[in-house]
>>> print(open('entry30.pdb').read())   # PDB, C-alpha atoms
ATOM      1  CA  MET A  86       0.000   0.000   0.000
ATOM      2  CA  ASN A  87       1.482   3.363  -0.981
ATOM      3  CA  ILE A  88       1.492   6.614   0.987
ATOM      4  CA  ILE A  89      -1.580   8.023  -0.765
ATOM      5  CA  ASP A  90      -3.589   4.879   0.028
ATOM      6  CA  ASN A  91      -2.477   5.057   3.669
ATOM      7  CA  ASN A  92      -3.534   8.684   3.907
ATOM      8  CA  ARG A  93      -6.906   7.915   2.324
ATOM      9  CA  ASN A  94      -7.493   5.182   4.871
ATOM     10  CA  PHE A  95      -6.668   7.632   7.653
ATOM     11  CA  MET A  96      -9.603   9.744   6.471
ATOM     12  CA  LYS A  97     -12.035   6.851   6.844
ATOM     13  CA  SER A  98     -13.956   5.847   9.957
ATOM     14  CA  ASN A  99     -12.075   3.313  12.027
ATOM     15  CA  PHE A 100     -14.481   2.934  14.920
ATOM     16  CA  LYS A 101     -15.110  -0.696  13.990
ATOM     17  CA  GLU A 102     -11.502  -1.414  14.922
ATOM     18  CA  MET A 103     -12.240   0.048  18.356
ATOM     19  CA  GLU A 104     -14.249  -3.080  19.207
ATOM     20  CA  ASN A 105     -11.003  -4.779  20.197
ATOM     21  CA  VAL A 106      -9.425  -1.762  21.861
ATOM     22  CA  VAL A 107      -9.594  -0.891  25.548
ATOM     23  CA  SER A 108      -9.097   2.825  25.930
ATOM     24  CA  ASP A 109      -7.426   4.423  28.920
ATOM     25  CA  GLN A 110     -10.795   5.839  29.920
ATOM     26  CA  MET A 111     -12.202   2.293  29.980
ATOM     27  CA  LYS A 112      -9.222   1.269  32.130
ATOM     28  CA  ASN A 113     -10.212   3.998  34.593
ATOM     29  CA  LEU A 114      -6.866   5.699  34.166
ATOM     30  CA  PRO A 115      -6.754   9.384  35.166
ATOM     31  CA  GLN A 116      -7.881  11.692  32.414
ATOM     32  CA  PRO A 117      -5.583  14.459  31.177
ATOM     33  CA  THR A 118      -6.218  17.999  32.359
ATOM     34  CA  LEU A 119      -8.754  20.069  30.443
ATOM     35  CA  GLU A 120      -6.086  22.679  29.739
ATOM     36  CA  LYS A 121      -2.338  22.838  30.239
ATOM     37  CA  GLU A 122      -1.293  23.832  33.703
ATOM     38  CA  PHE A 123       0.282  27.240  34.084
ATOM     39  CA  ASP A 124       2.238  29.219  36.641
ATOM     40  CA  LYS A 125      -0.227  31.469  38.457
ATOM     41  CA  ASP A 126       2.640  33.937  38.986
ATOM     42  CA  SER A 127       3.045  34.381  35.218
ATOM     43  CA  GLU A 128       2.166  37.681  33.562
ATOM     44  CA  ILE A 129      -1.551  37.206  32.940
ATOM     45  CA  PHE A 130      -3.899  39.642  31.240
ATOM     46  CA  GLY A 131      -7.648  39.764  31.683
ATOM     47  CA  LEU A 132      -9.807  39.684  28.558
ATOM     48  CA  VAL A 133     -13.122  41.378  27.923
ATOM     49  CA  PRO A 134     -16.091  39.160  28.911
ATOM     50  CA  ILE A 135     -18.265  38.240  25.954
ATOM     51  CA  GLU A 136     -21.352  39.910  27.488
ATOM     52  CA  LYS A 137     -19.505  43.255  27.399
ATOM     53  CA  ILE A 138     -18.316  42.977  23.797
ATOM     54  CA  LYS A 139     -20.106  44.802  21.001
ATOM     55  CA  ILE A 140     -19.232  43.777  17.453
ATOM     56  CA  GLU A 141     -19.919  45.903  14.412
ATOM     57  CA  ASN A 142     -21.264  43.174  12.127
ATOM     58  CA  ASP A 143     -23.526  40.707  13.942
ATOM     59  CA  ASN A 144     -25.548  39.454  10.968
ATOM     60  CA  LEU A 145     -24.684  35.759  10.710
ATOM     61  CA  ILE A 146     -26.082  35.352   7.196
ATOM     62  CA  LEU A 147     -23.995  38.222   5.851
ATOM     63  CA  ASN A 148     -20.896  37.051   7.696
ATOM     64  CA  ILE A 149     -21.196  33.601   6.147
ATOM     65  CA  GLU A 150     -21.793  35.137   2.723
ATOM     66  CA  HIS A 151     -18.772  37.462   3.032
ATOM     67  CA  ARG A 152     -16.412  34.861   4.467
ATOM     68  CA  LYS A 153     -13.200  34.573   2.476
ATOM     69  CA  SER A 154      -9.470  34.223   3.024
ATOM     70  CA  HIS A 155      -7.560  37.482   3.407
ATOM     71  CA  ARG A 156      -3.820  37.690   2.826
ATOM     72  CA  GLN A 157      -3.352  41.462   2.873
ATOM     73  CA  TYR A 158      -3.542  43.466   6.089
ATOM     74  CA  ILE A 159      -3.186  47.119   6.976
ATOM     75  CA  GLU A 160      -1.223  48.643   9.858
ATOM     76  CA  LYS A 161      -4.185  48.925  12.185
ATOM     77  CA  PRO A 162      -4.259  47.295  15.616
ATOM     78  CA  LEU A 163      -6.903  45.002  16.974
ATOM     79  CA  SER A 164      -8.508  46.213  20.173
ATOM     80  CA  LEU A 165      -8.355  44.018  23.254
ATOM     81  CA  GLY A 166     -12.115  43.576  22.959
ATOM     82  CA  GLU A 167     -11.804  42.360  19.375
ATOM     83  CA  LEU A 168      -9.104  39.862  20.304
ATOM     84  CA  SER A 169     -11.215  38.719  23.256
ATOM     85  CA  PHE A 170     -14.114  38.093  20.893
ATOM     86  CA  LEU A 171     -11.990  36.086  18.448
ATOM     87  CA  LEU A 172     -10.635  33.906  21.257
ATOM     88  CA  TRP A 173     -14.073  33.334  22.755
ATOM     89  CA  ALA A 174     -15.570  32.512  19.351
ATOM     90  CA  SER A 175     -12.881  29.985  18.463
ATOM     91  CA  GLN A 176     -12.184  28.280  21.818
ATOM     92  CA  GLY A 177     -14.322  29.960  24.469
ATOM     93  CA  VAL A 178     -15.550  27.864  27.399
ATOM     94  CA  LYS A 179     -19.275  28.169  28.114
ATOM     95  CA  SER A 180     -19.239  25.803  31.089
ATOM     96  CA  VAL A 181     -17.206  23.086  32.792
ATOM     97  CA  TYR A 182     -19.007  19.775  33.290
ATOM     98  CA  GLU A 183     -18.364  18.045  36.605
ATOM     99  CA  ARG A 184     -18.475  14.288  37.093
ATOM    100  CA  ASN A 185     -17.783  12.591  40.423
ATOM    101  CA  ASN A 186     -16.797  15.967  41.858
ATOM    102  CA  LYS A 187     -14.084  16.404  39.236
ATOM    103  CA  SER A 188     -13.848  18.574  36.145
ATOM    104  CA  TYR A 189     -14.623  16.128  33.343
ATOM    105  CA  ALA A 190     -15.235  18.168  30.194
ATOM    106  CA  THR A 191     -15.615  21.667  28.828
ATOM    107  CA  PHE A 192     -18.517  22.824  26.717
ATOM    108  CA  ARG A 193     -17.206  25.414  24.279
ATOM    109  CA  THR A 194     -18.269  27.586  21.368
ATOM    110  CA  VAL A 195     -17.052  24.875  18.957
ATOM    111  CA  PRO A 196     -17.832  21.146  18.843
ATOM    112  CA  SER A 197     -15.271  18.497  19.743
ATOM    113  CA  ALA A 198     -15.509  14.703  19.787
ATOM    114  CA  GLY A 199     -16.461  13.640  23.289
ATOM    115  CA  SER A 200     -15.947  17.232  24.454
ATOM    116  CA  ARG A 201     -12.241  16.451  24.660
ATOM    117  CA  HIS A 202     -11.120  19.763  23.120
ATOM    118  CA  PRO A 203      -7.504  18.750  22.535
ATOM    119  CA  PHE A 204      -6.227  22.165  21.425
ATOM    120  CA  GLU A 205      -4.239  24.933  23.039
ATOM    121  CA  THR A 206      -4.273  28.375  21.411
ATOM    122  CA  TYR A 207      -0.984  30.232  21.115
ATOM    123  CA  LEU A 208      -0.784  33.775  19.803
ATOM    124  CA  LEU A 209       2.022  35.668  18.156
ATOM    125  CA  ILE A 210       0.902  39.172  19.010
ATOM    126  CA  ASN A 211       2.261  41.942  16.847
ATOM    127  CA  ASN A 212      -0.293  44.766  16.940
ATOM    128  CA  VAL A 213      -2.974  44.627  19.642
ATOM    129  CA  ASP A 214      -3.839  47.659  21.746
ATOM    130  CA  GLY A 215      -2.511  47.351  25.289
ATOM    131  CA  LEU A 216      -0.405  44.227  24.702
ATOM    132  CA  LYS A 217       3.330  44.055  24.064
ATOM    133  CA  ARG A 218       4.666  41.998  21.181
ATOM    134  CA  GLY A 219       5.497  38.376  21.830
ATOM    135  CA  LEU A 220       4.166  34.869  22.395
ATOM    136  CA  TYR A 221       1.028  34.322  24.477
ATOM    137  CA  ARG A 222      -1.256  31.408  25.375
ATOM    138  CA  TYR A 223      -5.010  31.638  25.749
ATOM    139  CA  LEU A 224      -6.261  30.301  29.072
ATOM    140  CA  ALA A 225      -9.662  29.267  27.808
ATOM    141  CA  ILE A 226     -11.283  28.215  31.077
ATOM    142  CA  GLU A 227     -10.245  31.473  32.756
ATOM    143  CA  HIS A 228     -10.752  33.583  29.582
ATOM    144  CA  LYS A 229      -7.372  35.203  30.110
ATOM    145  CA  LEU A 230      -4.093  35.615  28.238
ATOM    146  CA  MET A 231      -0.748  34.442  29.580
ATOM    147  CA  PHE A 232       2.373  36.160  28.294
ATOM    148  CA  ILE A 233       5.122  33.593  27.642
ATOM    149  CA  HIS A 234       8.055  35.595  26.311
ATOM    150  CA  GLU A 235       9.270  37.981  23.648
ATOM    151  CA  LEU A 236      10.545  36.523  20.395
ATOM    152  CA  GLU A 237      13.609  37.703  18.556
ATOM    153  CA  ASN A 238      12.858  38.489  14.896
ATOM    154  CA  GLN A 239       9.229  37.499  15.455
ATOM    155  CA  ASN A 240       7.895  38.496  12.037
ATOM    156  CA  GLU A 241      10.789  37.007  10.098
ATOM    157  CA  GLY A 242      10.547  33.815  12.145
ATOM    158  CA  ILE A 243       6.891  33.145  11.386
ATOM    159  CA  ILE A 244       7.396  33.922   7.687
ATOM    160  CA  ASP A 245      10.224  31.388   7.579
ATOM    161  CA  ALA A 246       8.200  28.813   9.540
ATOM    162  CA  THR A 247       5.260  29.174   7.134
ATOM    163  CA  LEU A 248       7.447  28.474   4.111
ATOM    164  CA  GLY A 249       7.823  32.075   2.989
ATOM    165  CA  GLN A 250       4.192  33.193   3.254
ATOM    166  CA  LYS A 251       4.994  36.851   3.858
ATOM    167  CA  PHE A 252       1.532  37.942   4.920
ATOM    168  CA  THR A 253       1.947  36.025   8.182
ATOM    169  CA  GLY A 254       4.555  38.570   9.255
ATOM    170  CA  LYS A 255       2.201  41.482   8.607
ATOM    171  CA  ALA A 256      -0.741  40.249  10.676
ATOM    172  CA  ALA A 257      -1.813  41.901  13.917
ATOM    173  CA  VAL A 258      -1.839  38.448  15.517
ATOM    174  CA  VAL A 259      -1.139  34.904  14.377
ATOM    175  CA  PHE A 260      -3.252  32.143  15.930
ATOM    176  CA  ILE A 261      -1.335  28.861  16.318
ATOM    177  CA  TRP A 262      -3.281  25.836  17.509
ATOM    178  CA  SER A 263      -1.418  22.960  19.069
ATOM    179  CA  CYS A 264      -2.824  19.522  19.781
ATOM    180  CA  VAL A 265      -2.356  17.836  23.147
ATOM    181  CA  ALA A 266      -2.957  14.429  21.628
ATOM    182  CA  TYR A 267      -3.604  12.379  24.768
ATOM    183  CA  ARG A 268      -6.750  14.369  25.559
ATOM    184  CA  GLY A 269      -8.412  12.613  22.632
ATOM    185  CA  GLU A 270      -6.458   9.345  22.854
ATOM    186  CA  TRP A 271      -7.470   8.836  26.489
ATOM    187  CA  ARG A 272     -11.051   8.329  25.361
ATOM    188  CA  TYR A 273     -10.848   7.241  21.713
ATOM    189  CA  ASN A 274      -7.449   5.587  21.341
ATOM    190  CA  ILE A 275      -6.783   4.892  17.620
ATOM    191  CA  ALA A 276      -9.977   6.666  16.558
ATOM    192  CA  ALA A 277      -8.915   9.928  18.198
ATOM    193  CA  HIS A 278      -6.699  11.384  15.515
ATOM    194  CA  LYS A 279      -9.140  11.806  12.656
ATOM    195  CA  ALA A 280     -11.664  13.350  15.063
ATOM    196  CA  MET A 281      -9.108  15.790  16.424
ATOM    197  CA  LEU A 282      -8.253  17.065  12.949
ATOM    198  CA  LEU A 283     -11.948  17.500  12.175
ATOM    199  CA  ASP A 284     -12.220  19.505  15.385
ATOM    200  CA  ALA A 285      -9.447  21.820  14.180
ATOM    201  CA  GLY A 286     -11.603  22.749  11.193
ATOM    202  CA  HIS A 287     -14.487  23.740  13.474
ATOM    203  CA  VAL A 288     -12.170  26.025  15.435
ATOM    204  CA  CYS A 289     -10.769  27.823  12.402
ATOM    205  CA  GLN A 290     -14.147  28.262  10.700
ATOM    206  CA  ASN A 291     -15.448  30.005  13.795
ATOM    207  CA  LEU A 292     -12.419  32.281  13.645
ATOM    208  CA  TYR A 293     -13.236  33.146  10.021
ATOM    209  CA  LEU A 294     -16.822  34.087  10.887
ATOM    210  CA  ALA A 295     -15.776  36.009  13.985
ATOM    211  CA  CYS A 296     -13.274  38.003  11.909
ATOM    212  CA  GLU A 297     -16.095  39.084   9.592
ATOM    213  CA  GLY A 298     -17.862  40.449  12.650
ATOM    214  CA  ILE A 299     -15.029  42.885  13.425
ATOM    215  CA  ASN A 300     -14.016  43.855   9.886
ATOM    216  CA  ALA A 301     -10.884  41.755  10.024
ATOM    217  CA  GLY A 302      -9.633  38.915   7.875
ATOM    218  CA  THR A 303      -7.827  35.649   8.301
ATOM    219  CA  CYS A 304      -6.388  32.857   6.178
ATOM    220  CA  ALA A 305      -6.077  29.255   7.359
ATOM    221  CA  ILE A 306      -2.581  27.831   6.945
ATOM    222  CA  ALA A 307      -1.665  24.151   6.871
ATOM    223  CA  ALA A 308       1.568  24.588   4.876
ATOM    224  CA  TYR A 309       4.265  25.115   7.488
ATOM    225  CA  ASP A 310       7.511  23.681   8.809
ATOM    226  CA  GLN A 311       6.483  21.432  11.699
ATOM    227  CA  GLU A 312       9.710  21.640  13.658
ATOM    228  CA  LYS A 313      10.044  25.411  13.290
ATOM    229  CA  VAL A 314       6.497  26.178  14.408
ATOM    230  CA  ASP A 315       6.787  23.755  17.332
ATOM    231  CA  THR A 316       9.993  25.545  18.321
ATOM    232  CA  ILE A 317       8.305  28.963  18.141
ATOM    233  CA  ILE A 318       5.555  27.915  20.553
ATOM    234  CA  ASP A 319       8.025  25.884  22.644
ATOM    235  CA  VAL A 320       6.332  22.464  22.600
ATOM    236  CA  ASP A 321       7.964  19.034  22.459
ATOM    237  CA  GLY A 322       6.583  18.037  19.041
ATOM    238  CA  LYS A 323       5.451  14.629  20.336
ATOM    239  CA  ASN A 324       2.917  14.963  23.135
ATOM    240  CA  GLU A 325       1.996  18.446  21.973
ATOM    241  CA  PHE A 326       2.521  19.774  18.464
ATOM    242  CA  SER A 327       1.187  22.468  16.135
ATOM    243  CA  VAL A 328      -1.567  21.492  13.697
ATOM    244  CA  TYR A 329      -2.966  24.724  12.230
ATOM    245  CA  LEU A 330      -2.251  28.448  11.915
ATOM    246  CA  ALA A 331      -4.265  31.534  11.028
ATOM    247  CA  PRO A 332      -2.945  35.109  10.834
ATOM    248  CA  VAL A 333      -5.503  37.840  11.541
ATOM    249  CA  GLY A 334      -5.445  41.508  10.604
ATOM    250  CA  LYS A 335      -7.525  44.459   9.520
ATOM    251  CA  TYR A 336      -7.909  45.011   5.786
TER     252      TYR A 336
END
>>> encode(input="entry30.pdb", output="structure tokens")
Amino acid sequence: MNIIDNNRNFMKSNFKEMENVVSDQMKNLPQPTLEKEFDKDSEIFGLVPIEKIKIENDNLILNIEHRKSHRQYIEKPLSLGELSFLLWASQGVKSVYERNNKSYATFRTVPSAGSRHPFETYLLINNVDGLKRGLYRYLAIEHKLMFIHELENQNEGIIDATLGQKFTGKAAVVFIWSCVAYRGEWRYNIAAHKAMLLDAGHVCQNLYLACEGINAGTCAIAAYDQEKVDTIIDVDGKNEFSVYLAPVGKY
């Protein structure tokens, strides 16, 4: 079987094979955390709650009709409220479901197989009012931003990591989604990986529609250098690795 055939088979449902698989959830092994742990003493920024955000374009039909990929951005910052809205729309937590007095799942603004939500959202912030340039992580449950560190040659680095796509270096912010694979594998084992990639599409589509609401644009990117992007967001590339990018800017 050649590589193309293998990749086609990966796209197919393999839940029948799960009949002979005992997942870690079925073994009663501890589930992974709902989000990566973080140092509470880190530099953390509050975001605007969704109930306090007003967006200019709130007509869903028009936003779907106008949705397109944008690769040209102007030198205009996003407001903190606009960034808050984009983060809430793409990964916002509506509630945390408790089971046996423990946090079991998050219900978010996007669907995810088994409510596993395997993604972390990293941000390369270049031009957002009130925020310094650098690498951040979205703390979805808290609806806050954690500053990680400044990046040397930030714009040049992301252009290089996205195989020379220059518009990535001109965006106000670049969304980078990583996958913490065991969150899905714990429940679905070999069937987890297709579902997790489908989930990534839900996340990015919500970002597209949310961008239309604030007169901004984005462009989904799957063509990137895996090792370089993983290095930028400082993940190990095995248990957590980048799967999708999307620069955002005004146009």
>>> resolve_selection(input="entry30.pdb", expression="the PyMOL selection byres ((chain A and resi 255) around 12)", output="PyMOL selection string")
chain A and resi 155-162+209-212+239-244+250-254+256-259+303+332-336
>>> write_last_selection(input="entry30.pdb", atoms="C-alpha atoms", output="PDB file, in the frame of the given file")
ATOM      1  CA  HIS A 155      -7.560  37.482   3.407  1.00  0.00           C
ATOM      2  CA  ARG A 156      -3.820  37.690   2.826  1.00  0.00           C
ATOM      3  CA  GLN A 157      -3.352  41.462   2.873  1.00  0.00           C
ATOM      4  CA  TYR A 158      -3.542  43.466   6.089  1.00  0.00           C
ATOM      5  CA  ILE A 159      -3.186  47.119   6.976  1.00  0.00           C
ATOM      6  CA  GLU A 160      -1.223  48.643   9.858  1.00  0.00           C
ATOM      7  CA  LYS A 161      -4.185  48.925  12.185  1.00  0.00           C
ATOM      8  CA  PRO A 162      -4.259  47.295  15.616  1.00  0.00           C
ATOM      9  CA  LEU A 209       2.022  35.668  18.156  1.00  0.00           C
ATOM     10  CA  ILE A 210       0.902  39.172  19.010  1.00  0.00           C
ATOM     11  CA  ASN A 211       2.261  41.942  16.847  1.00  0.00           C
ATOM     12  CA  ASN A 212      -0.293  44.766  16.940  1.00  0.00           C
ATOM     13  CA  GLN A 239       9.229  37.499  15.455  1.00  0.00           C
ATOM     14  CA  ASN A 240       7.895  38.496  12.037  1.00  0.00           C
ATOM     15  CA  GLU A 241      10.789  37.007  10.098  1.00  0.00           C
ATOM     16  CA  GLY A 242      10.547  33.815  12.145  1.00  0.00           C
ATOM     17  CA  ILE A 243       6.891  33.145  11.386  1.00  0.00           C
ATOM     18  CA  ILE A 244       7.396  33.922   7.687  1.00  0.00           C
ATOM     19  CA  GLN A 250       4.192  33.193   3.254  1.00  0.00           C
ATOM     20  CA  LYS A 251       4.994  36.851   3.858  1.00  0.00           C
ATOM     21  CA  PHE A 252       1.532  37.942   4.920  1.00  0.00           C
ATOM     22  CA  THR A 253       1.947  36.025   8.182  1.00  0.00           C
ATOM     23  CA  GLY A 254       4.555  38.570   9.255  1.00  0.00           C
ATOM     24  CA  ALA A 256      -0.741  40.249  10.676  1.00  0.00           C
ATOM     25  CA  ALA A 257      -1.813  41.901  13.917  1.00  0.00           C
ATOM     26  CA  VAL A 258      -1.839  38.448  15.517  1.00  0.00           C
ATOM     27  CA  VAL A 259      -1.139  34.904  14.377  1.00  0.00           C
ATOM     28  CA  THR A 303      -7.827  35.649   8.301  1.00  0.00           C
ATOM     29  CA  PRO A 332      -2.945  35.109  10.834  1.00  0.00           C
ATOM     30  CA  VAL A 333      -5.503  37.840  11.541  1.00  0.00           C
ATOM     31  CA  GLY A 334      -5.445  41.508  10.604  1.00  0.00           C
ATOM     32  CA  LYS A 335      -7.525  44.459   9.520  1.00  0.00           C
ATOM     33  CA  TYR A 336      -7.909  45.011   5.786  1.00  0.00           C
TER      34      TYR A 336
END
>>> atom_distance(input="entry30.pdb", atom1="CA of Ile138 (chain A)", atom2="CA of Leu172 (chain A)")
12.2 Å
>>> resolve_selection(input="entry30.pdb", expression="the PyMOL selection byres ((chain A and resi 215) around 12)", output="count of residues only")
17
>>> closest_residue(input="entry30.pdb", among="A:Thr247, A:Ser327, A:Asn91, A:Ser169", to="Glu136 (chain A)", atoms="only C-alpha atoms")
A:Ser169
>>> resolve_selection(input="entry30.pdb", expression="the PyMOL selection byres ((chain A and resi 105-117) around 12)", output="MDAnalysis selection string")
chainID A and resid 99:104 118:122 184 187:190 199 201:203 265:277 324
>>> closest_residue(input="entry30.pdb", among="A:Asp245, A:Asp310, A:Glu297, A:Glu205", to="Ala285 (chain A)", atoms="all atoms listed in the file")
A:Glu205
>>> closest_residue(input="entry30.pdb", among="A:Ile140, A:Met281, A:Ile233, A:Ala174", to="Ala198 (chain A)", atoms="only C-alpha atoms")
A:Met281
>>> atom_distance(input="entry30.pdb", atom1="CA of Lys323 (chain A)", atom2="CA of Phe204 (chain A)")
13.9 Å
>>> closest_residue(input="entry30.pdb", among="A:Leu147, A:Ala307, A:Ala280, A:Val133", to="His228 (chain A)", atoms="only C-alpha atoms")
A:Val133
>>> build_atoms(input="entry30.pdb", residues="region 288-317 of chain A", atoms="N, CA and C atoms", output="mmCIF file, in the frame of the given file")
data_model
loop_
_atom_site.group_PDB
_atom_site.id
_atom_site.type_symbol
_atom_site.label_atom_id
_atom_site.label_comp_id
_atom_site.auth_asym_id
_atom_site.auth_seq_id
_atom_site.Cartn_x
_atom_site.Cartn_y
_atom_site.Cartn_z
ATOM 1 N N VAL A 288 -12.781 24.886 14.749
ATOM 2 C CA VAL A 288 -12.170 26.025 15.435
ATOM 3 C C VAL A 288 -11.854 27.146 14.445
ATOM 4 N N CYS A 289 -11.208 26.805 13.343
ATOM 5 C CA CYS A 289 -10.769 27.823 12.402
ATOM 6 C C CYS A 289 -11.946 28.449 11.659
ATOM 7 N N GLN A 290 -12.980 27.682 11.361
ATOM 8 C CA GLN A 290 -14.147 28.262 10.700
ATOM 9 C C GLN A 290 -14.814 29.290 11.603
ATOM 10 N N ASN A 291 -14.887 29.006 12.887
ATOM 11 C CA ASN A 291 -15.448 30.005 13.795
ATOM 12 C C ASN A 291 -14.604 31.271 13.814
ATOM 13 N N LEU A 292 -13.280 31.109 13.703
ATOM 14 C CA LEU A 292 -12.419 32.281 13.645
ATOM 15 C C LEU A 292 -12.719 33.100 12.393
ATOM 16 N N TYR A 293 -12.895 32.443 11.263
ATOM 17 C CA TYR A 293 -13.236 33.146 10.021
ATOM 18 C C TYR A 293 -14.509 33.990 10.211
ATOM 19 N N LEU A 294 -15.550 33.379 10.747
ATOM 20 C CA LEU A 294 -16.822 34.087 10.887
ATOM 21 C C LEU A 294 -16.720 35.208 11.912
ATOM 22 N N ALA A 295 -15.958 34.969 12.982
ATOM 23 C CA ALA A 295 -15.776 36.009 13.985
ATOM 24 C C ALA A 295 -15.003 37.191 13.407
ATOM 25 N N CYS A 296 -14.025 36.919 12.552
ATOM 26 C CA CYS A 296 -13.274 38.003 11.909
ATOM 27 C C CYS A 296 -14.192 38.887 11.077
ATOM 28 N N GLU A 297 -15.152 38.289 10.377
ATOM 29 C CA GLU A 297 -16.095 39.084 9.592
ATOM 30 C C GLU A 297 -16.878 40.037 10.493
ATOM 31 N N GLY A 298 -17.102 39.614 11.726
ATOM 32 C CA GLY A 298 -17.862 40.449 12.650
ATOM 33 C C GLY A 298 -17.140 41.705 13.085
ATOM 34 N N ILE A 299 -15.803 41.727 12.964
ATOM 35 C CA ILE A 299 -15.029 42.885 13.425
ATOM 36 C C ILE A 299 -14.273 43.553 12.279
ATOM 37 N N ASN A 300 -14.683 43.285 11.065
ATOM 38 C CA ASN A 300 -14.016 43.855 9.886
ATOM 39 C C ASN A 300 -12.529 43.515 9.847
ATOM 40 N N ALA A 301 -12.248 42.270 10.121
ATOM 41 C CA ALA A 301 -10.884 41.755 10.024
ATOM 42 C C ALA A 301 -10.905 40.532 9.126
ATOM 43 N N GLY A 302 -9.727 40.084 8.743
ATOM 44 C CA GLY A 302 -9.633 38.915 7.875
ATOM 45 C C GLY A 302 -8.620 37.918 8.397
ATOM 46 N N THR A 303 -8.763 36.702 7.938
ATOM 47 C CA THR A 303 -7.827 35.649 8.301
ATOM 48 C C THR A 303 -7.632 34.721 7.118
ATOM 49 N N CYS A 304 -6.657 33.843 7.225
ATOM 50 C CA CYS A 304 -6.388 32.857 6.178
ATOM 51 C C CYS A 304 -5.817 31.609 6.833
ATOM 52 N N ALA A 305 -6.534 30.512 6.750
ATOM 53 C CA ALA A 305 -6.077 29.255 7.359
ATOM 54 C C ALA A 305 -4.804 28.779 6.673
ATOM 55 N N ILE A 306 -3.862 28.298 7.471
ATOM 56 C CA ILE A 306 -2.581 27.831 6.945
ATOM 57 C C ILE A 306 -2.287 26.423 7.466
ATOM 58 N N ALA A 307 -2.101 25.503 6.528
ATOM 59 C CA ALA A 307 -1.665 24.151 6.871
ATOM 60 C C ALA A 307 -0.293 23.846 6.286
ATOM 61 N N ALA A 308 0.239 24.773 5.470
ATOM 62 C CA ALA A 308 1.568 24.588 4.876
ATOM 63 C C ALA A 308 2.590 25.298 5.750
ATOM 64 N N TYR A 309 3.293 24.530 6.570
ATOM 65 C CA TYR A 309 4.265 25.115 7.488
ATOM 66 C C TYR A 309 5.323 24.081 7.827
ATOM 67 N N ASP A 310 6.436 24.550 8.366
ATOM 68 C CA ASP A 310 7.511 23.681 8.809
ATOM 69 C C ASP A 310 7.207 23.226 10.237
ATOM 70 N N GLN A 311 6.933 21.937 10.409
ATOM 71 C CA GLN A 311 6.483 21.432 11.699
ATOM 72 C C GLN A 311 7.465 21.737 12.820
ATOM 73 N N GLU A 312 8.716 21.447 12.601
ATOM 74 C CA GLU A 312 9.710 21.640 13.658
ATOM 75 C C GLU A 312 9.866 23.117 14.023
ATOM 76 N N LYS A 313 9.852 23.985 13.012
ATOM 77 C CA LYS A 313 10.044 25.411 13.290
ATOM 78 C C LYS A 313 8.868 26.007 14.051
ATOM 79 N N VAL A 314 7.656 25.641 13.688
ATOM 80 C CA VAL A 314 6.497 26.178 14.408
ATOM 81 C C VAL A 314 6.456 25.618 15.825
ATOM 82 N N ASP A 315 6.743 24.336 15.988
ATOM 83 C CA ASP A 315 6.787 23.755 17.332
ATOM 84 C C ASP A 315 7.834 24.451 18.192
ATOM 85 N N THR A 316 8.951 24.825 17.586
ATOM 86 C CA THR A 316 9.993 25.545 18.321
ATOM 87 C C THR A 316 9.518 26.933 18.726
ATOM 88 N N ILE A 317 8.811 27.620 17.834
ATOM 89 C CA ILE A 317 8.305 28.963 18.141
ATOM 90 C C ILE A 317 7.389 28.936 19.362
#
